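As stored in model.cif (mmCIF, C-alpha atoms and all ligand atoms):
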```cif
data_model
loop_
_atom_site.label_atom_id
_atom_site.label_comp_id
_atom_site.auth_asym_id
_atom_site.auth_seq_id
_atom_site.Cartn_x
_atom_site.Cartn_y
_atom_site.Cartn_z
CA MET A 1 71.01 78.01 137.38
CA PRO A 2 74.23 79.97 138.06
CA ALA A 3 74.43 83.57 136.91
CA THR A 4 76.14 84.05 133.58
CA ARG A 5 78.01 86.91 132.01
CA SER A 6 76.24 88.42 129.05
CA GLY A 7 79.10 86.80 127.09
CA GLY A 8 78.36 83.26 128.39
CA GLY A 9 80.44 81.64 131.20
CA PRO A 10 79.60 81.35 134.89
CA VAL A 11 80.37 84.18 137.33
CA GLY A 12 81.43 84.08 140.99
CA GLY A 13 79.46 82.17 143.61
CA PRO A 14 77.65 83.42 146.72
CA HIS A 15 78.82 86.69 148.14
CA LEU A 16 76.65 87.08 151.20
CA ASN A 17 79.04 88.44 153.81
CA LEU A 18 78.73 92.10 152.87
CA ALA A 19 78.28 94.92 155.33
CA PRO A 20 75.06 96.98 155.14
CA VAL A 21 75.04 100.78 154.72
CA ARG A 22 74.14 102.74 157.83
CA ALA A 23 71.65 104.81 155.88
CA GLU A 24 70.52 107.40 158.42
CA SER A 25 70.03 111.10 157.73
CA ASP A 26 71.98 112.08 160.82
CA ARG A 27 75.07 110.39 159.35
CA ILE A 28 75.12 112.92 156.46
CA PHE A 29 78.23 115.00 157.08
CA ASP A 30 78.21 117.06 153.87
CA ILE A 31 76.05 117.90 150.87
CA THR A 32 77.87 119.02 147.73
CA VAL A 33 76.52 120.38 144.46
CA CYS A 34 78.26 120.58 141.11
CA LEU A 35 77.40 121.51 137.52
CA ARG A 36 78.18 119.18 134.64
CA PRO A 37 79.48 121.23 131.69
CA PHE A 38 77.33 119.68 128.97
CA ARG A 39 77.69 120.39 125.24
CA ALA A 40 75.26 118.79 122.80
CA ALA A 41 78.07 118.43 120.23
CA GLY A 42 80.43 116.83 122.75
CA PRO A 43 83.45 118.42 124.44
CA ARG A 44 85.30 121.21 122.68
CA ILE A 45 88.76 119.87 121.83
CA GLU A 46 90.16 122.11 119.12
CA ALA A 47 92.77 124.80 118.55
CA GLU A 48 92.38 128.51 117.88
CA ARG A 49 94.84 131.40 117.76
CA ILE A 50 94.69 134.63 119.72
CA GLY A 51 97.50 136.81 118.35
CA ASP A 52 100.69 134.77 118.56
CA THR A 53 99.26 132.35 121.16
CA LEU A 54 97.94 128.90 120.30
CA ILE A 55 94.96 128.04 122.50
CA VAL A 56 93.91 124.38 122.62
CA HIS A 57 90.44 124.02 124.11
CA ASN A 58 89.67 121.04 126.34
CA TYR A 59 86.32 121.63 128.06
CA GLY A 60 82.66 120.63 128.10
CA HIS A 61 82.84 116.99 129.23
CA GLY A 62 79.38 116.75 130.85
CA GLY A 63 79.16 113.87 133.32
CA SER A 64 82.27 112.15 131.93
CA GLY A 65 85.10 114.55 132.75
CA TRP A 66 87.05 112.26 135.07
CA SER A 67 86.38 109.20 132.95
CA LEU A 68 87.54 110.69 129.64
CA SER A 69 90.21 113.02 131.01
CA TRP A 70 93.30 111.07 129.91
CA GLY A 71 91.96 110.47 126.41
CA SER A 72 90.75 114.02 125.97
CA GLY A 73 94.05 115.35 127.34
CA THR A 74 95.94 113.16 124.87
CA LEU A 75 94.07 114.74 121.92
CA ALA A 76 94.65 118.23 123.32
CA VAL A 77 98.36 117.64 124.01
CA GLU A 78 98.89 116.25 120.49
CA MET A 79 97.66 119.61 119.14
CA ALA A 80 99.58 121.63 121.72
CA MET A 81 102.91 119.88 121.06
CA GLU A 82 102.73 120.10 117.26
CA GLY A 83 105.36 122.88 117.18
CA SER A 84 107.40 121.22 120.02
CA PRO A 85 107.09 124.17 122.45
CA ALA A 86 109.52 124.09 125.39
CA GLU A 87 106.88 125.56 127.70
CA VAL A 88 103.13 125.03 127.91
CA ALA A 89 100.53 126.78 130.07
CA VAL A 90 97.37 125.05 131.25
CA LEU A 91 94.37 127.05 132.37
CA GLY A 92 92.49 125.09 135.03
CA CYS A 93 93.31 122.68 137.81
CA GLY A 94 90.29 120.37 137.72
CA ALA A 95 90.13 116.86 136.27
CA LEU A 96 90.85 118.06 132.74
CA GLY A 97 93.54 120.62 133.57
CA LEU A 98 95.56 118.35 135.84
CA THR A 99 95.57 115.41 133.45
CA ALA A 100 96.39 117.59 130.41
CA ALA A 101 99.23 119.21 132.40
CA THR A 102 100.61 115.77 133.36
CA LEU A 103 100.45 114.60 129.75
CA ALA A 104 102.16 117.76 128.49
CA GLN A 105 104.97 117.11 131.00
CA ARG A 106 105.26 113.53 129.80
CA ALA A 107 105.51 114.90 126.24
CA GLY A 108 108.57 116.90 127.31
CA ALA A 109 107.22 120.39 128.04
CA LYS A 110 107.84 122.55 131.09
CA VAL A 111 104.31 123.14 132.37
CA THR A 112 102.66 125.87 134.44
CA ILE A 113 99.05 125.53 135.58
CA TYR A 114 97.20 128.83 136.02
CA ALA A 115 93.98 128.53 137.98
CA LYS A 116 91.67 130.46 140.23
CA ASP A 117 91.03 127.33 142.33
CA LEU A 118 93.04 124.16 142.85
CA LEU A 119 91.47 120.71 142.67
CA PRO A 120 89.90 120.41 146.13
CA GLN A 121 87.97 123.66 145.50
CA THR A 122 87.00 122.92 141.89
CA ARG A 123 83.75 121.42 140.66
CA SER A 124 85.69 118.26 139.71
CA SER A 125 86.25 117.45 143.36
CA ARG A 126 82.47 117.22 143.85
CA ALA A 127 81.97 114.39 141.32
CA THR A 128 80.61 110.94 142.11
CA GLY A 129 83.89 109.30 141.16
CA SER A 130 82.96 106.45 138.87
CA TRP A 131 83.99 105.35 135.39
CA THR A 132 81.06 106.75 133.37
CA PRO A 133 82.61 107.70 130.01
CA ASP A 134 79.31 108.31 128.17
CA SER A 135 77.35 110.08 130.89
CA ARG A 136 75.78 113.21 129.41
CA ILE A 137 78.64 113.53 126.98
CA ALA A 138 76.66 114.63 123.88
CA LEU A 139 73.33 114.37 122.05
CA THR A 140 73.26 111.72 119.32
CA SER A 141 71.42 114.02 116.90
CA VAL A 142 73.86 116.92 117.35
CA ALA A 143 77.23 115.17 117.80
CA GLY A 144 76.85 113.02 114.67
CA PRO A 145 78.58 109.71 113.88
CA SER A 146 82.17 111.01 113.76
CA PHE A 147 82.07 111.95 117.43
CA GLY A 148 81.53 108.26 118.28
CA ASP A 149 84.99 107.45 116.85
CA LYS A 150 86.61 110.29 118.78
CA TRP A 151 84.81 109.22 121.97
CA GLU A 152 85.99 105.63 121.53
CA ARG A 153 89.62 106.74 121.18
CA MET A 154 89.34 108.92 124.31
CA ALA A 155 87.63 106.17 126.32
CA ARG A 156 90.19 103.50 125.36
CA ILE A 157 93.16 105.75 126.20
CA SER A 158 91.62 106.78 129.52
CA PHE A 159 90.74 103.25 130.53
CA LYS A 160 94.28 102.08 129.83
CA THR A 161 95.82 105.04 131.69
CA TYR A 162 93.73 104.43 134.80
CA ARG A 163 95.46 101.05 134.98
CA GLN A 164 98.57 102.97 136.15
CA TYR A 165 96.74 104.27 139.25
CA LEU A 166 95.44 100.91 140.51
CA GLY A 167 97.14 99.27 143.47
CA LEU A 168 98.87 102.42 144.72
CA PRO A 169 99.06 103.40 148.39
CA GLY A 170 96.01 105.48 149.30
CA THR A 171 93.94 103.64 146.69
CA PRO A 172 93.37 106.54 144.28
CA VAL A 173 91.57 104.24 141.86
CA GLU A 174 90.04 100.82 142.49
CA TRP A 175 87.53 98.28 141.23
CA ARG A 176 84.53 97.38 143.33
CA ASP A 177 81.36 95.38 142.88
CA SER A 178 78.20 97.30 142.20
CA TYR A 179 74.70 95.86 142.62
CA PHE A 180 71.74 96.98 140.55
CA ILE A 181 68.57 96.11 142.44
CA SER A 182 65.02 96.36 141.09
CA ASP A 183 61.54 95.79 142.53
CA ASP A 184 60.52 94.59 139.09
CA ALA A 185 61.60 91.08 138.03
CA SER A 186 61.35 91.94 134.35
CA ASP A 187 63.74 94.91 134.71
CA LYS A 188 62.20 96.75 131.78
CA PRO A 189 64.08 99.98 130.97
CA GLU A 190 62.25 103.08 132.24
CA PRO A 191 60.24 104.73 129.46
CA LYS A 192 61.80 108.04 128.33
CA PRO A 193 59.92 110.95 129.91
CA PRO A 194 58.18 113.26 127.40
CA GLY A 195 60.57 115.90 126.08
CA ALA A 196 63.70 113.93 127.09
CA LEU A 197 66.73 114.65 124.90
CA ASP A 198 68.60 111.94 122.96
CA PHE A 199 71.70 111.66 125.16
CA ALA A 200 74.33 109.65 123.29
CA ARG A 201 75.32 106.16 124.43
CA TYR A 202 78.55 104.65 123.17
CA GLY A 203 79.25 101.96 125.80
CA ASP A 204 78.84 99.10 123.29
CA ARG A 205 81.92 100.34 121.42
CA ILE A 206 84.19 99.43 124.34
CA ALA A 207 82.38 96.30 125.56
CA ASP A 208 85.53 94.29 124.76
CA ILE A 209 87.60 96.05 127.48
CA VAL A 210 85.04 96.77 130.21
CA PRO A 211 83.87 93.96 132.54
CA GLN A 212 80.22 93.08 131.93
CA SER A 213 77.54 92.68 134.61
CA ALA A 214 75.50 89.56 135.27
CA ARG A 215 72.12 88.80 136.82
CA LEU A 216 72.37 86.92 140.12
CA THR A 217 70.20 84.02 141.18
CA PRO A 218 68.46 84.33 144.58
CA ALA A 219 71.07 81.99 146.08
CA GLU A 220 73.92 84.19 144.92
CA SER A 221 72.45 87.53 145.88
CA PRO A 222 72.87 89.43 149.14
CA PHE A 223 69.52 91.12 148.37
CA THR A 224 66.19 89.27 148.20
CA ALA A 225 64.78 91.63 145.55
CA PRO A 226 63.11 90.17 142.43
CA TYR A 227 65.97 91.39 140.21
CA VAL A 228 69.64 91.82 141.12
CA ARG A 229 72.62 92.34 138.80
CA ARG A 230 76.24 92.60 139.81
CA GLY A 231 78.98 94.30 137.87
CA ALA A 232 82.50 95.55 138.50
CA GLN A 233 82.81 99.33 138.70
CA MET A 234 86.03 101.31 138.42
CA GLN A 235 85.89 104.16 140.89
CA PHE A 236 88.01 107.16 141.72
CA ASN A 237 88.61 108.04 145.35
CA VAL A 238 88.79 111.67 144.32
CA ALA A 239 90.47 113.00 147.49
CA ASP A 240 93.42 110.64 147.15
CA TYR A 241 93.44 110.53 143.35
CA GLY A 242 93.49 114.33 143.15
CA HIS A 243 96.26 114.47 145.73
CA THR A 244 98.26 111.92 143.73
CA LEU A 245 97.83 113.89 140.50
CA LEU A 246 98.83 117.19 142.11
CA THR A 247 101.84 115.70 143.91
CA ASP A 248 103.09 113.87 140.81
CA PHE A 249 102.75 117.06 138.76
CA LEU A 250 104.77 119.08 141.27
CA LEU A 251 107.39 116.33 141.73
CA ALA A 252 107.93 116.31 137.96
CA GLY A 253 108.80 120.02 138.12
CA GLY A 254 105.37 121.47 137.35
CA ARG A 255 104.47 124.94 138.58
CA ILE A 256 101.10 126.22 139.77
CA GLU A 257 100.14 129.88 139.82
CA ARG A 258 96.87 131.01 141.41
CA ARG A 259 95.37 133.52 139.01
CA GLU A 260 91.93 134.48 137.74
CA PHE A 261 91.44 135.48 134.10
CA HIS A 262 88.63 137.93 133.38
CA ASP A 263 88.84 137.85 129.61
CA ALA A 264 89.96 135.21 127.12
CA ALA A 265 92.36 137.71 125.51
CA GLU A 266 94.34 137.81 128.80
CA LEU A 267 95.66 134.34 127.95
CA ALA A 268 97.64 135.83 125.08
CA THR A 269 99.60 137.93 127.59
CA LEU A 270 101.15 134.83 129.22
CA LYS A 271 104.81 134.18 128.47
CA GLN A 272 103.94 130.66 127.26
CA LYS A 273 102.67 130.82 123.69
CA VAL A 274 100.80 127.52 123.88
CA VAL A 275 97.88 127.30 126.32
CA ILE A 276 95.65 124.28 126.97
CA ASN A 277 92.35 125.73 128.06
CA CYS A 278 90.45 123.65 130.67
CA PRO A 279 88.05 125.98 132.53
CA GLY A 280 85.13 123.48 132.68
CA TYR A 281 81.71 125.07 133.16
CA ALA A 282 83.37 128.49 133.56
CA ALA A 283 84.03 128.50 129.78
CA ARG A 284 80.44 129.68 129.44
CA ALA A 285 81.40 133.02 130.97
CA LEU A 286 85.12 133.24 130.09
CA TRP A 287 84.72 132.23 126.42
CA LYS A 288 81.11 133.37 126.12
CA ASP A 289 80.37 129.82 125.02
CA GLU A 290 76.61 129.45 125.33
CA SER A 291 76.75 125.96 123.86
CA ILE A 292 77.49 124.83 127.45
CA THR A 293 74.40 123.83 129.41
CA PRO A 294 74.64 123.33 133.19
CA VAL A 295 73.38 119.99 134.49
CA ARG A 296 73.08 120.20 138.25
CA GLY A 297 74.02 117.20 140.40
CA GLN A 298 74.01 116.82 144.17
CA ILE A 299 75.67 114.33 146.50
CA GLY A 300 74.79 113.64 150.14
CA TRP A 301 77.87 112.27 151.95
CA LEU A 302 77.43 109.64 154.66
CA VAL A 303 80.23 108.98 157.14
CA PRO A 304 82.62 106.48 155.49
CA GLN A 305 82.36 102.81 156.42
CA PRO A 306 85.69 101.16 155.57
CA GLU A 307 84.04 97.73 155.83
CA LEU A 308 81.59 98.63 153.03
CA ASP A 309 83.31 97.44 149.86
CA TYR A 310 80.58 97.65 147.21
CA GLY A 311 78.09 100.05 145.63
CA ALA A 312 74.37 99.81 144.87
CA ILE A 313 71.79 101.36 142.58
CA TYR A 314 68.16 101.20 143.64
CA ASN A 315 65.03 103.12 142.70
CA GLY A 316 66.86 106.05 141.13
CA ILE A 317 69.52 106.37 143.85
CA ILE A 318 73.24 105.58 143.58
CA MET A 319 75.25 104.49 146.61
CA LEU A 320 79.03 104.41 146.14
CA SER A 321 81.32 103.56 149.04
CA ARG A 322 84.41 105.73 148.64
CA ARG A 323 87.34 106.02 151.04
CA ASP A 324 86.45 109.67 151.70
CA GLY A 325 82.72 109.16 152.24
CA ILE A 326 79.68 107.25 151.04
CA VAL A 327 78.13 108.92 148.02
CA ILE A 328 74.32 109.00 148.03
CA GLN A 329 73.04 110.56 144.84
CA SER A 330 69.70 110.74 143.08
CA PHE A 331 69.32 110.20 139.36
CA GLU A 332 65.51 110.09 139.47
CA GLY A 333 64.28 111.51 136.17
CA GLY A 334 67.27 110.06 134.31
CA ASP A 335 69.66 112.18 132.24
CA MET A 336 67.26 115.14 132.23
CA ARG A 337 67.64 115.52 135.97
CA GLY A 338 69.23 118.92 136.66
CA TYR A 339 69.37 119.82 132.95
CA GLY A 340 69.54 123.60 132.52
CA ASP A 341 69.72 124.11 136.30
CA ASP A 342 72.69 126.19 137.49
CA HIS A 343 71.56 126.35 141.12
CA GLU A 344 74.56 125.32 143.27
CA VAL A 345 72.89 125.53 146.69
CA PRO A 346 72.45 122.21 148.57
CA ASP A 347 68.93 120.83 148.84
CA HIS A 348 68.65 119.06 152.22
CA ALA A 349 65.26 117.51 151.44
CA GLU A 350 66.74 115.86 148.32
CA ALA A 351 69.61 114.41 150.37
CA ASP A 352 67.28 113.09 153.09
CA HIS A 353 65.00 111.51 150.49
CA ALA A 354 67.92 109.75 148.77
CA VAL A 355 69.16 108.35 152.09
CA SER A 356 65.64 107.14 152.93
CA VAL A 357 65.43 105.22 149.63
CA ILE A 358 68.70 103.42 150.43
CA ALA A 359 67.43 102.74 153.98
CA GLY A 360 64.30 101.23 152.39
CA LEU A 361 66.44 98.93 150.24
CA TYR A 362 68.02 97.39 153.34
CA GLN A 363 64.72 97.19 155.25
CA ARG A 364 63.02 95.42 152.34
CA TYR A 365 65.64 93.23 150.73
CA TRP A 366 68.72 92.75 152.94
CA ARG A 367 69.46 89.11 153.57
CA GLY A 368 71.30 90.13 156.75
C1 LIG A 401 77.20 115.49 140.66
C2 LIG A 401 78.23 115.18 139.60
C3 LIG A 401 78.79 113.93 139.54
C4 LIG A 401 79.75 113.63 138.57
N1 LIG A 401 80.28 112.38 138.57
C5 LIG A 401 81.20 112.04 137.64
C6 LIG A 401 81.75 110.73 137.64
O1 LIG A 401 81.42 109.89 138.47
N2 LIG A 401 82.64 110.43 136.68
C7 LIG A 401 83.03 111.34 135.74
O2 LIG A 401 83.83 110.98 134.87
N3 LIG A 401 82.55 112.60 135.75
C8 LIG A 401 81.64 112.97 136.67
N4 LIG A 401 81.11 114.23 136.68
C9 LIG A 401 81.55 115.19 135.68
C10 LIG A 401 82.85 115.83 136.04
O3 LIG A 401 82.81 116.27 137.38
C11 LIG A 401 83.12 117.04 135.10
O4 LIG A 401 83.05 116.64 133.76
C12 LIG A 401 84.51 117.57 135.40
O5 LIG A 401 84.60 117.93 136.76
C13 LIG A 401 84.89 118.77 134.57
O6 LIG A 401 86.20 119.10 134.97
P1 LIG A 401 86.96 120.36 134.45
O7 LIG A 401 88.40 120.17 134.81
O8 LIG A 401 86.63 120.58 133.02
O9 LIG A 401 86.31 121.60 135.24
P2 LIG A 401 86.45 122.14 136.74
O10 LIG A 401 86.58 121.07 137.73
O11 LIG A 401 85.33 123.11 136.89
O12 LIG A 401 87.82 122.93 136.75
C14 LIG A 401 87.96 124.17 136.11
C15 LIG A 401 89.28 124.80 136.50
O13 LIG A 401 89.43 126.01 135.75
C16 LIG A 401 89.66 127.09 136.64
N5 LIG A 401 89.06 128.29 136.07
C17 LIG A 401 87.83 128.41 135.52
N6 LIG A 401 87.65 129.67 135.11
C18 LIG A 401 88.78 130.36 135.41
C19 LIG A 401 89.18 131.71 135.23
N7 LIG A 401 88.39 132.60 134.68
N8 LIG A 401 90.42 132.06 135.66
C20 LIG A 401 91.25 131.16 136.24
N9 LIG A 401 90.90 129.88 136.43
C21 LIG A 401 89.69 129.48 136.01
C22 LIG A 401 88.97 126.68 137.93
O14 LIG A 401 89.48 127.41 139.04
C23 LIG A 401 89.35 125.20 137.96
O15 LIG A 401 90.67 125.05 138.44
C24 LIG A 401 80.14 114.59 137.63
C25 LIG A 401 79.59 115.86 137.69
C26 LIG A 401 78.62 116.16 138.65
C27 LIG A 401 78.03 117.51 138.69
#
```
File written out as structure tokens:
Amino acid sequence: MPATRSGGGPVGGPHLNLAPVRAESDRIFDITVCLRPFRAAGPRIEAERIGDTLIVHNYGHGGSGWSLSWGSGTLAVEMAMEGSPAEVAVLGCGALGLTAATLAQRAGAKVTIYAKDLLPQTRSSRATGSWTPDSRIALTSVAGPSFGDKWERMARISFKTYRQYLGLPGTPVEWRDSYFISDDASDKPEPKPPGALDFARYGDRIADIVPQSARLTPAESPFTAPYVRRGAQMQFNVADYGHTLLTDFLLAGGRIERREFHDAAELATLKQKVVINCPGYAARALWKDESITPVRGQIGWLVPQPELDYGAIYNGIIMLSRRDGIVIQSFEGGDMRGYGDDHEVPDHAEADHAVSVIAGLYQRYWRG
């Protein structure tokens, strides 16, 4: 029986000419660590005044900052542009700052980004780089039902905006196949570990725009495992995508000033009287916002293989073939992995283990 989409019709035929990953520890050329800025209530997107300055907050996007950036930035820029300011300042040059700055330019403002670090040095540059709009974005019990509507608006706007970055030279954004492979033919969802929090899931709300995955028959699958699904995954080649965002911002007349703020009140001393505030995890210190919880995540980077044009998920490890390296990342333990952990030092044993799991996938199930 041919594989079917969850919606019904048949999906593509055999796809057996894929390249395997060279999953060897001595091909790891970097290990990066980053903290997801998680807020149980969802990201903080709201305005406050400090003296005569309007501050529009845009931070706390957990594991979904890249994915939701355009939608979140749209909400923030709507608030920022209410009084039609000629000039807008943006604090932060990560995923959220750069997209908000671009949107403020498109809305007609002259924009200056103030940031301690530019994108390649920010936490955003250490992300996996996939479209994961409801990854550790909120807790269902805390965010409440109205956040679902806001999330859906942000996700739809972002998804549509990413369309503009497909097919460009350098491939900042692209679609690739991703295989989910399981040792267990029944593919039962993992039971929630004791004490696990109720991380919100909203994916069903946008099922009409996002391609769905389908189970493959043994004849269709490049892996001989008992259970294989294939889906299409939008991914961000962060090195090129970040470069594109920065270049476009500067070409449109944007300015960037390297500056560190030590106190939130310092923002009111800027000449711009409207500031979009995108400091990411650093809001915990700068705004004394203890509602932000760090969620540590680590990536081991294997030397890129241009011939490798798909991703895989197996036994708690993600493999994503990006243009700037092959991401090997553990999510063993599910969404609780790294929760409350602000340790940003690389763990070599974790990276080696993740690579060995992917090596095991090819030893066990590769059709070759
Ligand atoms: C391992 C891992 C994988 C991830 N994968 C994905 C993924 O695949 N898809 C996805 O959508 N999301 C992913 N995320 C989440 C995503 O990376 C974050 O949500 C996002 O990076 C947050 O971006 P940001 O712009 O808010 O913050 P940051 O990238 O931290 O940027 C903050 C900016 O503010 C500036 N700043 C901060 N404080 C000050 C100050 N006091 N003075 C001056 N400047 C300041 C910084 O210099 C920087 O420019 C992942 C996260 C992790 C940890």
Would you list the contacts of Ile137 of chain A as number ranges by chain, taking every protein, DNA or RNA residue within 10 Å and counting only C-alpha atoms, but skipping same-chain residues closer than 5 positions in sequence? A: 36-43, 60-65, 68, 132, 143, 151, 199-202
Please give me, as a VMD selection string, the residues lying within 7 Å of ligand LIG 401 (chain A) when counting all atoms listed in the file. chain A and resid 33 to 37 59 to 68 91 to 97 114 to 119 122 to 133 259 to 262 278 to 283 286 295 to 299
How would the residues just chosen look if you wrote them out with C-alpha atoms as a CSV table (one decimal), keeping the file's coordinate frame?
```csv
chain,number,residue,atom,x,y,z
A,33,VAL,CA,76.5,120.4,144.5
A,34,CYS,CA,78.3,120.6,141.1
A,35,LEU,CA,77.4,121.5,137.5
A,36,ARG,CA,78.2,119.2,134.6
A,37,PRO,CA,79.5,121.2,131.7
A,59,TYR,CA,86.3,121.6,128.1
A,60,GLY,CA,82.7,120.6,128.1
A,61,HIS,CA,82.8,117.0,129.2
A,62,GLY,CA,79.4,116.8,130.8
A,63,GLY,CA,79.2,113.9,133.3
A,64,SER,CA,82.3,112.2,131.9
A,65,GLY,CA,85.1,114.6,132.8
A,66,TRP,CA,87.0,112.3,135.1
A,67,SER,CA,86.4,109.2,133.0
A,68,LEU,CA,87.5,110.7,129.6
A,91,LEU,CA,94.4,127.0,132.4
A,92,GLY,CA,92.5,125.1,135.0
A,93,CYS,CA,93.3,122.7,137.8
A,94,GLY,CA,90.3,120.4,137.7
A,95,ALA,CA,90.1,116.9,136.3
A,96,LEU,CA,90.8,118.1,132.7
A,97,GLY,CA,93.5,120.6,133.6
A,114,TYR,CA,97.2,128.8,136.0
A,115,ALA,CA,94.0,128.5,138.0
A,116,LYS,CA,91.7,130.5,140.2
A,117,ASP,CA,91.0,127.3,142.3
A,118,LEU,CA,93.0,124.2,142.8
A,119,LEU,CA,91.5,120.7,142.7
A,122,THR,CA,87.0,122.9,141.9
A,123,ARG,CA,83.8,121.4,140.7
A,124,SER,CA,85.7,118.3,139.7
A,125,SER,CA,86.2,117.4,143.4
A,126,ARG,CA,82.5,117.2,143.8
A,127,ALA,CA,82.0,114.4,141.3
A,128,THR,CA,80.6,110.9,142.1
A,129,GLY,CA,83.9,109.3,141.2
A,130,SER,CA,83.0,106.4,138.9
A,131,TRP,CA,84.0,105.4,135.4
A,132,THR,CA,81.1,106.8,133.4
A,133,PRO,CA,82.6,107.7,130.0
A,259,ARG,CA,95.4,133.5,139.0
A,260,GLU,CA,91.9,134.5,137.7
A,261,PHE,CA,91.4,135.5,134.1
A,262,HIS,CA,88.6,137.9,133.4
A,278,CYS,CA,90.4,123.6,130.7
A,279,PRO,CA,88.0,126.0,132.5
A,280,GLY,CA,85.1,123.5,132.7
A,281,TYR,CA,81.7,125.1,133.2
A,282,ALA,CA,83.4,128.5,133.6
A,283,ALA,CA,84.0,128.5,129.8
A,286,LEU,CA,85.1,133.2,130.1
A,295,VAL,CA,73.4,120.0,134.5
A,296,ARG,CA,73.1,120.2,138.2
A,297,GLY,CA,74.0,117.2,140.4
A,298,GLN,CA,74.0,116.8,144.2
A,299,ILE,CA,75.7,114.3,146.5
```
A straight line from atom CA of Ala76 of chain A to atom CA of Asp134 of chain A spans 18.9 Å
Please write out, as AutoDock Vina command-line options, where the centre of an axis-aligned box around all listed atoms of segment 288-306 of chain A lies and how long its edges are, in Å to one decimal, after adding 5 Å on each side.
```
--center_x 79.4 --center_y 117.3 --center_z 140.5 --size_x 22.6 --size_y 42.2 --size_z 43.3
```
Record the distance separating atom CA of Ala354 of chain A and atom CA of Met234 of chain A, expressed in Å with one decimal.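 Taking atom CA of Ala354 of chain A as the start and atom CA of Met234 of chain A as the end point, the length is 22.5 Å.
Among the candidate residues A:Ala225, A:Leu18, A:Val88, A:Ile50, the one lying nearest to Tyr365 of chain A is A:Ala225, with distances computed using only C-alpha atoms.
Separating atom CA of Gln363 of chain A from atom CA of Pro346 of chain A is a distance of 27.0 Å.
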Considering all atoms listed in the file, state which residue in the set A:Ala196, A:Val238, A:Leu245, A:Val210 is at the smallest distance from Tyr339 of chain A.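 Looking only at the distances to Tyr339 of chain A, the closest residue turns out to be A:Ala196.
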9 Å contact set for Ile157 of chain A, only C-alpha atoms, chain neighbours under 5 positions out, as a PDB file with C-alpha atoms, in the coordinates of the input:
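Written file, result.pdb:
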```pdb
ATOM      1  CA  LEU A  68      87.540 110.690 129.640  1.00  0.00           C
ATOM      2  CA  TRP A  70      93.300 111.070 129.910  1.00  0.00           C
ATOM      3  CA  GLY A  71      91.960 110.470 126.410  1.00  0.00           C
ATOM      4  CA  SER A  72      90.750 114.020 125.970  1.00  0.00           C
ATOM      5  CA  THR A  74      95.940 113.160 124.870  1.00  0.00           C
ATOM      6  CA  GLU A 152      85.990 105.630 121.530  1.00  0.00           C
ATOM      7  CA  TYR A 162      93.730 104.430 134.800  1.00  0.00           C
TER       8      TYR A 162
END
```
Given the point (74.9, 88.5, 150.2) in the file's coordinates, find the residues that have an atom at most 9 Å from it, counting all atoms listed in the file, and give them as JSON, numbers by chain. {"A": [14, 15, 16, 17, 18, 19, 219, 220, 221, 222, 223, 224, 366, 367, 368]}
Residue with smallest distance to Val56 of chain A - pool A:Gln305, A:Gly300, A:Val90, A:Ile28, counting only C-alpha atoms: A:Val90
Pick from A:Ile31, A:Ile206, A:Ala104, A:Ala138 nearest to Ser291 of chain A, counting all atoms listed in the file: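 When distances to Ser291 of chain A are compared using all atoms listed in the file, the smallest one comes from A:Ala138.
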Which residue of A:Arg156, A:Arg49, A:Arg229, A:Arg163 approaches Lys273 of chain A most closely, using only C-alpha atoms: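 Between A:Arg156, A:Arg49, A:Arg229, A:Arg163, the residue approaching Lys273 of chain A most closely is A:Arg49.
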Spatial sel., origin (88.4, 141.0, 120.3), limit 12 Å, all atoms listed in the file, listed as a ChimeraX atom specification: /A:49-51,263-266,268,287
A:Ile276, A:Ala214, A:Ala232, A:Ile181: which is nearest Leu103 of chain A, counting all atoms listed in the file?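 Of A:Ile276, A:Ala214, A:Ala232, A:Ile181, the one nearest Leu103 of chain A is A:Ile276, counting all atoms listed in the file.
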